Each structure stands twice: as C-alpha cells, then as structure tokens.
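**Q** What follows is query10.csv, made up of CSV, C-alpha atoms and all ligand atoms:
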chain,number,residue,atom,x,y,z
X,655,MET,CA,132.0,156.1,148.6
X,656,GLN,CA,135.6,156.0,149.6
X,657,ILE,CA,136.5,152.5,148.4
X,658,PHE,CA,135.5,153.2,144.8
X,659,SER,CA,137.5,156.3,144.6
X,660,GLN,CA,140.9,154.7,144.8
X,661,ALA,CA,140.8,152.3,141.9
X,662,ALA,CA,143.9,151.2,140.0
X,663,PHE,CA,144.6,149.0,137.0
X,664,VAL,CA,146.1,145.6,137.8
X,665,ALA,CA,146.2,143.5,134.7
X,666,SER,CA,144.7,142.8,131.3
X,667,ALA,CA,144.4,139.1,130.4
X,668,GLY,CA,143.6,137.6,127.0
X,669,GLN,CA,143.7,134.1,128.3
X,670,ARG,CA,143.4,132.3,131.6
X,671,ALA,CA,147.2,132.0,132.1
X,672,GLU,CA,147.4,135.8,132.2
X,673,PHE,CA,144.8,136.3,135.0
X,674,PRO,CA,146.5,137.8,138.0
X,675,PRO,CA,146.8,135.6,141.2
X,676,GLU,CA,143.6,135.6,143.2
X,677,GLY,CA,143.5,138.4,145.8
X,678,PRO,CA,140.7,140.6,147.0
X,679,PRO,CA,137.1,139.6,146.3
X,680,GLU,CA,136.1,140.3,142.7
X,681,ILE,CA,133.0,141.9,141.2
X,682,ALA,CA,132.6,141.0,137.5
X,683,PHE,CA,130.9,143.2,134.9
X,684,MET,CA,129.1,141.2,132.2
X,685,GLY,CA,126.8,142.0,129.4
X,686,ARG,CA,126.3,142.4,125.7
X,687,SER,CA,128.8,144.4,123.7
X,688,ASN,CA,128.4,148.1,123.8
X,689,VAL,CA,125.9,148.3,126.7
X,690,GLY,CA,128.3,150.3,128.8
X,691,LYS,CA,130.2,147.9,131.0
X,692,SER,CA,133.5,149.8,130.8
X,693,SER,CA,131.7,153.2,131.2
X,694,ALA,CA,129.9,151.9,134.3
X,695,ILE,CA,133.3,151.0,135.8
X,696,ASN,CA,134.5,154.5,135.1
X,697,ALA,CA,131.4,156.0,136.6
X,698,LEU,CA,131.6,153.9,139.7
X,699,THR,CA,135.3,154.7,140.3
X,700,GLY,CA,134.9,158.3,139.3
X,701,ARG,CA,137.6,158.0,136.7
X,702,ARG,CA,137.2,159.0,133.0
X,703,ARG,CA,139.4,156.4,131.4
X,704,LEU,CA,140.3,153.7,133.8
X,705,ALA,CA,138.5,151.1,131.7
X,706,PHE,CA,138.5,151.9,128.0
X,707,SER,CA,135.1,152.6,126.5
X,708,SER,CA,134.3,153.2,122.8
X,709,LYS,CA,131.5,153.7,120.4
X,710,THR,CA,132.7,150.7,118.5
X,711,PRO,CA,131.2,147.5,119.9
X,712,GLY,CA,133.8,145.0,120.9
X,713,ARG,CA,136.2,147.5,122.5
X,714,THR,CA,137.0,145.4,125.4
X,715,GLN,CA,138.6,142.1,124.2
X,716,THR,CA,140.5,141.1,127.3
X,717,VAL,CA,139.6,140.6,131.0
X,718,ASN,CA,140.7,143.7,132.9
X,719,PHE,CA,141.2,143.8,136.6
X,720,PHE,CA,141.1,146.9,138.7
X,721,ASP,CA,141.9,147.0,142.4
X,722,LEU,CA,139.8,149.2,144.7
X,723,GLY,CA,141.5,150.9,147.6
X,724,GLN,CA,140.3,148.7,150.4
X,725,GLY,CA,139.9,145.0,149.6
X,726,GLY,CA,138.0,144.7,146.4
X,727,ARG,CA,138.5,144.3,142.7
X,728,LEU,CA,136.4,145.2,139.7
X,729,VAL,CA,136.7,143.0,136.6
X,730,ASP,CA,135.7,144.3,133.1
X,731,LEU,CA,134.9,141.5,130.7
X,732,PRO,CA,134.5,141.6,127.0
X,733,GLY,CA,130.9,142.0,125.7
X,734,TYR,CA,129.1,139.2,123.9
X,735,GLY,CA,126.7,139.0,121.0
X,736,TYR,CA,126.9,142.1,119.0
X,737,ALA,CA,124.6,141.8,115.9
X,738,LYS,CA,125.6,138.8,113.8
X,739,VAL,CA,128.4,137.4,115.8
X,740,ALA,CA,130.8,135.2,114.1
X,741,LYS,CA,130.9,131.8,115.6
X,742,THR,CA,134.6,132.0,116.3
X,743,GLU,CA,134.1,135.3,118.1
X,744,ARG,CA,131.4,133.8,120.3
X,745,ALA,CA,133.5,130.8,121.0
X,746,LYS,CA,136.4,133.0,122.1
X,747,TRP,CA,134.1,135.1,124.4
X,748,GLU,CA,132.6,132.0,125.9
X,749,GLY,CA,136.0,130.4,126.4
X,750,LEU,CA,137.4,133.5,128.2
X,751,VAL,CA,134.4,134.2,130.3
X,752,SER,CA,133.9,130.6,131.3
X,753,SER,CA,137.5,130.2,132.3
X,754,TYR,CA,137.1,133.3,134.3
X,755,LEU,CA,133.9,132.1,136.0
X,756,ASN,CA,135.3,128.6,136.6
X,757,SER,CA,138.7,129.6,137.9
X,758,ARG,CA,138.0,132.5,140.3
X,759,SER,CA,137.1,131.3,143.8
X,760,THR,CA,137.3,135.0,144.9
X,761,LEU,CA,134.4,136.0,142.7
X,762,ALA,CA,132.0,137.8,145.0
X,763,GLY,CA,129.2,138.7,142.6
X,764,VAL,CA,128.3,139.7,139.1
X,765,VAL,CA,127.0,143.0,137.7
X,766,VAL,CA,124.8,142.1,134.8
X,767,ILE,CA,124.7,145.2,132.5
X,768,MET,CA,121.8,145.6,130.0
X,769,ASP,CA,120.9,148.5,127.8
X,770,ALA,CA,117.7,149.9,129.4
X,771,ARG,CA,116.2,150.3,125.9
X,772,HIS,CA,116.7,146.6,125.1
X,773,PRO,CA,116.7,144.7,128.3
X,774,MET,CA,116.5,140.9,128.6
X,775,THR,CA,117.5,140.0,125.1
X,776,PRO,CA,117.8,136.2,124.4
X,777,GLN,CA,121.6,136.6,124.9
X,778,ASP,CA,121.0,138.1,128.3
X,779,ALA,CA,118.7,135.2,129.2
X,780,ARG,CA,121.5,132.9,128.1
X,781,LEU,CA,124.0,134.6,130.3
X,782,LEU,CA,121.6,134.4,133.3
X,783,GLU,CA,121.2,130.6,132.7
X,784,TRP,CA,124.9,130.3,132.5
X,785,LEU,CA,125.4,132.2,135.8
X,786,ALA,CA,122.6,130.3,137.7
X,787,PRO,CA,124.7,127.3,138.8
X,788,PHE,CA,127.3,129.6,140.4
X,789,LYS,CA,124.7,130.9,142.8
X,790,LEU,CA,126.4,134.3,143.0
X,791,PRO,CA,124.7,137.6,144.0
X,792,ILE,CA,123.6,139.5,140.9
X,793,LEU,CA,122.9,143.2,140.5
X,794,ALA,CA,121.4,144.3,137.2
X,795,LEU,CA,122.2,147.7,136.0
X,796,LEU,CA,120.0,149.1,133.2
X,797,THR,CA,122.4,151.5,131.5
X,798,LYS,CA,121.8,154.5,129.2
X,799,ALA,CA,118.8,155.4,131.4
X,800,ASP,CA,119.3,159.0,130.3
X,801,LYS,CA,117.8,158.0,127.0
X,802,LEU,CA,114.4,156.8,128.4
X,803,THR,CA,111.1,158.5,129.0
X,804,ARG,CA,109.4,158.3,132.3
X,805,ALA,CA,107.0,155.6,131.1
X,806,GLU,CA,109.8,153.6,129.6
X,807,ARG,CA,111.7,153.7,132.9
X,808,ASN,CA,108.8,152.2,134.8
X,809,ALA,CA,108.2,149.6,132.2
X,810,VAL,CA,111.8,148.4,132.0
X,811,LEU,CA,112.2,148.3,135.8
X,812,ALA,CA,109.0,146.1,136.1
X,813,GLN,CA,110.0,143.9,133.3
X,814,THR,CA,113.5,143.2,134.6
X,815,ARG,CA,112.4,142.7,138.2
X,816,ARG,CA,110.3,139.8,137.1
X,817,VAL,CA,113.6,138.0,136.4
X,818,LEU,CA,116.2,139.7,138.6
X,819,PRO,CA,115.1,141.2,141.9
X,820,GLU,CA,118.1,143.5,142.3
X,821,VAL,CA,117.9,146.1,139.6
X,822,LEU,CA,118.9,149.8,139.2
X,823,LEU,CA,118.4,152.3,136.4
X,824,PHE,CA,121.9,153.6,135.7
X,825,SER,CA,123.6,156.2,133.5
X,826,SER,CA,127.2,157.0,133.3
X,827,VAL,CA,126.2,160.3,131.6
X,828,SER,CA,123.7,161.7,134.1
X,829,ARG,CA,125.3,159.6,137.0
X,830,GLU,CA,121.9,158.3,138.0
X,831,GLY,CA,122.2,155.1,140.0
X,832,VAL,CA,125.9,155.5,140.6
X,833,GLU,CA,125.8,156.1,144.3
X,834,GLU,CA,123.1,153.4,144.8
X,835,ALA,CA,125.2,150.9,142.9
X,836,ARG,CA,128.3,151.7,145.0
X,837,GLU,CA,126.3,151.1,148.2
X,838,HIS,CA,124.9,147.9,146.9
X,839,LEU,CA,128.2,146.5,145.7
X,840,ALA,CA,130.1,147.5,148.8
X,841,ARG,CA,127.9,145.0,150.7
X,842,TRP,CA,129.6,142.2,148.6
X,843,LEU,CA,133.0,143.3,149.9
X,844,PRO,CA,134.5,143.0,153.3
X,845,GLU,CA,134.0,145.9,155.7
X,846,PRO,CA,136.9,148.3,155.3
X,847,SER,CA,139.1,147.8,158.4
X,848,SER,CA,139.5,150.8,160.7
X,849,HIS,CA,143.3,150.5,160.3
X,850,SER,CA,143.4,150.9,156.6
X,851,ARG,CA,144.7,154.0,154.9
X,852,LYS,CA,142.2,156.8,154.2
L,901,LIG,N1,123.9,158.0,126.7
L,901,LIG,C1,124.7,157.1,127.3
L,901,LIG,N2,125.7,156.5,126.6
L,901,LIG,C2,126.5,155.6,127.3
L,901,LIG,C3,126.2,155.2,128.6
L,901,LIG,N3,127.1,154.3,129.0
L,901,LIG,C4,127.9,154.0,127.9
L,901,LIG,N4,127.5,154.8,126.9
L,901,LIG,C5,128.1,154.9,125.5
L,901,LIG,O1,128.0,153.6,124.9
L,901,LIG,C6,129.1,153.2,124.2
L,901,LIG,C7,129.7,151.9,124.7
L,901,LIG,O2,130.2,152.0,126.0
L,901,LIG,P1,131.3,151.0,126.6
L,901,LIG,O3,131.4,151.4,128.1
L,901,LIG,O4,132.5,151.0,125.8
L,901,LIG,O5,130.5,149.6,126.5
L,901,LIG,P2,131.0,148.2,126.8
L,901,LIG,O6,129.8,147.4,127.3
L,901,LIG,O7,132.2,148.2,127.7
L,901,LIG,O8,131.4,147.6,125.3
L,901,LIG,P3,132.4,146.4,124.9
L,901,LIG,O9,133.7,146.6,125.6
L,901,LIG,O10,132.5,146.5,123.4
L,901,LIG,O11,131.7,145.1,125.3
L,901,LIG,C8,130.1,154.4,124.3
L,901,LIG,O12,129.9,155.2,123.1
L,901,LIG,C9,129.6,155.1,125.6
L,901,LIG,O13,129.9,156.5,125.6
L,901,LIG,C10,125.1,155.9,129.3
L,901,LIG,O14,124.9,155.6,130.5
L,901,LIG,N5,124.4,156.8,128.6
L,902,MG,MG,134.1,147.5,127.4
Spit out the file's structure as structure tokens when you get a sec.
**A**
Amino acid sequence: MQIFSQAAFVASAGQRAEFPPEGPPEIAFMGRSNVGKSSAINALTGRRRLAFSSKTPGRTQTVNFFDLGQGGRLVDLPGYGYAKVAKTERAKWEGLVSSYLNSRSTLAGVVVIMDARHPMTPQDARLLEWLAPFKLPILALLTKADKLTRAERNAVLAQTRRVLPEVLLFSSVSREGVEEAREHLARWLPEPSSHSRK
C-alpha cells in the first residue's frame, strides 16, 4: 500500500514537552515489552530499521513518531511489563503513555500488539481497561505467528476474538498479516487526496 511505503522519522520524545505538534492522524502501537511493536512498524512500512528493534526487552524507551507519505503518522511507544518490572519503571511507562493518550486529540486508533504465544496476559487486560474510556478503534496484532503450529493459530485467534473483535495473526519475519494490517489501518486515516504526490 502506497501510504505505508513513504514513512519518515519525525521525533523521539522522552516526555510530553517533546511530543511534536499535533499534525496528521496518529496510529499508536502499544503492548508488552519485546512483543514486536517496533518490528511491526518496520514490517508495515517496508523499512528494516525505521523503528529500532532489539532482542533486549525495553529497547524503545521514548515515544517515536513516524510520518507516512499521505496524511498519517505511526507512533511507537515503549513496552510495558517485562518480567519483574521495577515500580519506578512502571510508573515511568504509565506516565509517558498516559500523557500521550491524554494529550493527543489526533489519535485515530491503537494497534494492540501481543505475542501470539502469550496473548491476553494480565498486563494486556490492564492496557485494554485503560484504553476503554477513550473509545478508540483497536486492532490487535498477534505477532511472532511464525512460531505457532496450526492448532495454536486457531486457538489464539478464537481466544483473542472473545475480547477484541478485530484481530490478525502477524509476523514481521514471514510477513503474514502485513498487507491485511495495512488495509485495516488505512481505513483509520483520511483518503489520500488525488492531488497528492505519488
Ligand atoms: N520470530 C519472530 N520474531 C520477531 C517478530 N517480531 C519481532 N521479533 C523479534 O522480537 C524481538 C523484539 O522485537 P521489537 O520489535 O524490538 O519489540 P518491541 O515490542 O518494540 O520491544 P520494546 O521496544 O522493548 O518494547 C526482536 O528480537 C525481534 O527480532 C516476529 O514476527 N517473528
Ligand atoms: Mg520497541
């Protein structure tokens, strides 16, 4: 999809004061640490290192904004709740994410990313409770689907659908779900105008 192929880094913010001015509608990527949020942004935009991914949980510590070619923005957020999270770390995450959620009137929807092998952890349930009052569209991506057996795939889809109706199996390795996710997310953004650059 054209709009996802022209992504460019805009800003990296460690606190609310550093968020860029509101502009195009934003799609935020949220989920536990290490589930593949940054990798999903790279897969969707067809870029290998637009968002930094890493084997080490906690790679993304700031809120990172990426503009799409035609009127949209992807926002990579730090992950929450890896193993025994220090209270201070959790407070920092919650502070940053809640100031993001509460300050962006241009937020168009949230991609909730979960590891397909461990979906709907208590921390994910907490995130969904947190998001509920905002009444935003939510797309769930079950990442690392390349690691599942066929039976596991069906089970995890059914389990997640009980809570979140919009869900896709996704893999930034096999690229499963990438095009479907692009098509879904494009519906949250304004139609590209016929005058815009190709
Ligand atoms: N097999 C497989 N590995 C993946 C996939 N997506 C991400 N990974 C790996 O999982 C690890 C974490 O990926 P990231 O994209 O950095 O995860 P993140 O959610 O951004 O992590 P934080 O920034 O720490 O919150 C990396 O080693 C990735 O290569 C996938 O679809 N399949
Ligand atoms: Mg990350």
**Q** Would you pick out the contacts of range 673-682 of chain X at 8 Å or less, using all atoms listed in the file, so that residues sharing its chain but fewer than 5 positions from it are not included, and give the list as a list in words?
**A**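 Result of the neighbour search: Val664, Ala665, Ser666, Ala667, Val717, Asp721, Gly725, Gly726, Arg727, Leu728, Val729, Asp730, Leu731, Arg758, Ser759, Thr760, Leu761, Ala762, Gly763, Val764, Val765 and Leu843 of chain X.
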**Q** Using only C-alpha atoms and all ligand atoms, which protein or nucleic acid residues are at most 12 Å from ligand MG 902 (chain L), as an NGL selection string?
**A** :X and (683-696 or 703-718 or 729-734 or 767)
**Q** Work out how far apart CA of Thr699 in chain X and CA of Met768 in chain X are and give it in Å to one decimal.
**A** 19.3 Å
**Q** I'd like the interatomic distance between atom N3 of ligand LIG 901 (chain L) and CA of Lys798 in chain X, to a tenth of an Å.
**A**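 Taking atom N3 of ligand LIG 901 (chain L) as the start and CA of Lys798 in chain X as the end point, the length is 5.3 Å.
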**Q** Out of X:Glu845, X:Glu672, X:Glu830, X:Glu806, which residue has the shortest atom-to-atom distance to ligand LIG 901 (chain L) when counting only C-alpha atoms and all ligand atoms?
**A** X:Glu830
**Q** Given the point (124.8, 152.6, 144.0) in the coordinates of this file, which residues lie within 10 Å, counting only C-alpha atoms, and how would they look as a tab-separated table (two decimals) with C-alpha atoms, in the coordinates of the input?
**A**
chain	number	residue	atom	x	y	z
X	655	MET	CA	132.00	156.10	148.60
X	698	LEU	CA	131.60	153.90	139.70
X	795	LEU	CA	122.20	147.70	136.00
X	822	LEU	CA	118.90	149.80	139.20
X	823	LEU	CA	118.40	152.30	136.40
X	824	PHE	CA	121.90	153.60	135.70
X	829	ARG	CA	125.30	159.60	137.00
X	830	GLU	CA	121.90	158.30	138.00
X	831	GLY	CA	122.20	155.10	140.00
X	832	VAL	CA	125.90	155.50	140.60
X	833	GLU	CA	125.80	156.10	144.30
X	834	GLU	CA	123.10	153.40	144.80
X	835	ALA	CA	125.20	150.90	142.90
X	836	ARG	CA	128.30	151.70	145.00
X	837	GLU	CA	126.30	151.10	148.20
X	838	HIS	CA	124.90	147.90	146.90
X	839	LEU	CA	128.20	146.50	145.70
X	840	ALA	CA	130.10	147.50	148.80
**Q** Determine the nearest neighbour of ligand LIG 901 (chain L) from the options X:Ala805, X:Leu790, X:Ala697, X:Val817, counting all atoms listed in the file.
**A**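 The closest residue to ligand LIG 901 (chain L) is X:Ala697.
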**Q** Select, from X:Ala812, X:Val821, X:Val766, X:Ile792, the residue with the minimum atom-to-atom distance to ligand LIG 901 (chain L), counting only C-alpha atoms and all ligand atoms.
**A**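 Residue with the minimum atom-to-atom distance to ligand LIG 901 (chain L): X:Val766.
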**Q** Just give me the gap between atom C5 of ligand LIG 901 (chain L) and CA of Leu796 in chain X in Å, one decimal is fine.
**A** 12.6 Å
**Q** Using only C-alpha atoms, find the one residue out of X:Ala770, X:Val810, X:Leu781, X:Ala786 that sits nearest to Ser825 in chain X.
**A** X:Ala770
**Q** Counting only C-alpha atoms and all ligand atoms, figure out which residue out of X:His772, X:Arg816, X:Lys746, X:Lys801 gets nearest to ligand LIG 901 (chain L).
**A** X:Lys801
**Q** So, with only C-alpha atoms and all ligand atoms as the atoms that count, which of X:Val827, X:Met774, X:Leu785, X:Leu750 lies closest to ligand LIG 901 (chain L)?
**A**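 Looking at the shortest contact to ligand LIG 901 (chain L), the residue is X:Val827.
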**Q** Missing atoms in range 669-691 of chain X need filling: write out N, CA and C atoms for it as a short mmCIF file (atom, residue, chain, number, x, y, z; two decimals), in the frame of the given file.
**A**
data_model
loop_
_atom_site.label_atom_id
_atom_site.label_comp_id
_atom_site.auth_asym_id
_atom_site.auth_seq_id
_atom_site.Cartn_x
_atom_site.Cartn_y
_atom_site.Cartn_z
N GLN X 669 143.93 135.57 128.09
CA GLN X 669 143.70 134.10 128.30
C GLN X 669 143.92 133.84 129.82
N ARG X 670 143.43 132.66 130.20
CA ARG X 670 143.40 132.30 131.60
C ARG X 670 144.81 132.40 132.27
N ALA X 671 145.83 132.00 131.53
CA ALA X 671 147.20 132.00 132.10
C ALA X 671 147.62 133.40 132.51
N GLU X 672 146.96 134.41 131.94
CA GLU X 672 147.40 135.80 132.20
C GLU X 672 146.55 136.42 133.37
N PHE X 673 145.56 135.70 133.90
CA PHE X 673 144.80 136.30 135.00
C PHE X 673 145.78 136.49 136.18
N PRO X 674 145.64 137.61 136.90
CA PRO X 674 146.50 137.80 138.00
C PRO X 674 146.18 136.81 139.16
N PRO X 675 147.10 136.55 140.07
CA PRO X 675 146.80 135.60 141.20
C PRO X 675 145.55 136.15 141.91
N GLU X 676 144.80 135.21 142.47
CA GLU X 676 143.60 135.60 143.20
C GLU X 676 144.02 136.49 144.39
N GLY X 677 143.23 137.50 144.65
CA GLY X 677 143.50 138.40 145.80
C GLY X 677 142.24 138.82 146.41
N PRO X 678 141.93 140.12 146.38
CA PRO X 678 140.70 140.60 147.00
C PRO X 678 139.47 140.06 146.28
N PRO X 679 138.29 140.05 146.93
CA PRO X 679 137.10 139.60 146.30
C PRO X 679 136.79 140.42 145.02
N GLU X 680 136.29 139.71 144.01
CA GLU X 680 136.10 140.30 142.70
C GLU X 680 134.63 140.53 142.35
N ILE X 681 134.34 141.66 141.72
CA ILE X 681 133.00 141.90 141.20
C ILE X 681 133.15 142.01 139.69
N ALA X 682 132.48 141.09 138.98
CA ALA X 682 132.60 141.00 137.50
C ALA X 682 131.50 141.73 136.81
N PHE X 683 131.84 142.44 135.74
CA PHE X 683 130.90 143.20 134.90
C PHE X 683 130.65 142.45 133.62
N MET X 684 129.42 141.97 133.42
CA MET X 684 129.10 141.20 132.20
C MET X 684 127.92 141.71 131.50
N GLY X 685 127.90 141.54 130.20
CA GLY X 685 126.80 142.00 129.40
C GLY X 685 127.10 142.04 127.94
N ARG X 686 126.09 142.38 127.13
CA ARG X 686 126.30 142.40 125.70
C ARG X 686 127.32 143.51 125.35
N SER X 687 127.87 143.37 124.18
CA SER X 687 128.80 144.40 123.70
C SER X 687 128.14 145.71 123.59
N ASN X 688 128.86 146.78 123.96
CA ASN X 688 128.40 148.10 123.80
C ASN X 688 127.30 148.62 124.74
N VAL X 689 126.95 147.82 125.74
CA VAL X 689 125.90 148.30 126.70
C VAL X 689 126.40 149.28 127.68
N GLY X 690 127.72 149.35 127.85
CA GLY X 690 128.30 150.30 128.80
C GLY X 690 128.94 149.74 130.01
N LYS X 691 129.55 148.56 129.85
CA LYS X 691 130.20 147.90 131.00
C LYS X 691 131.44 148.76 131.44
#
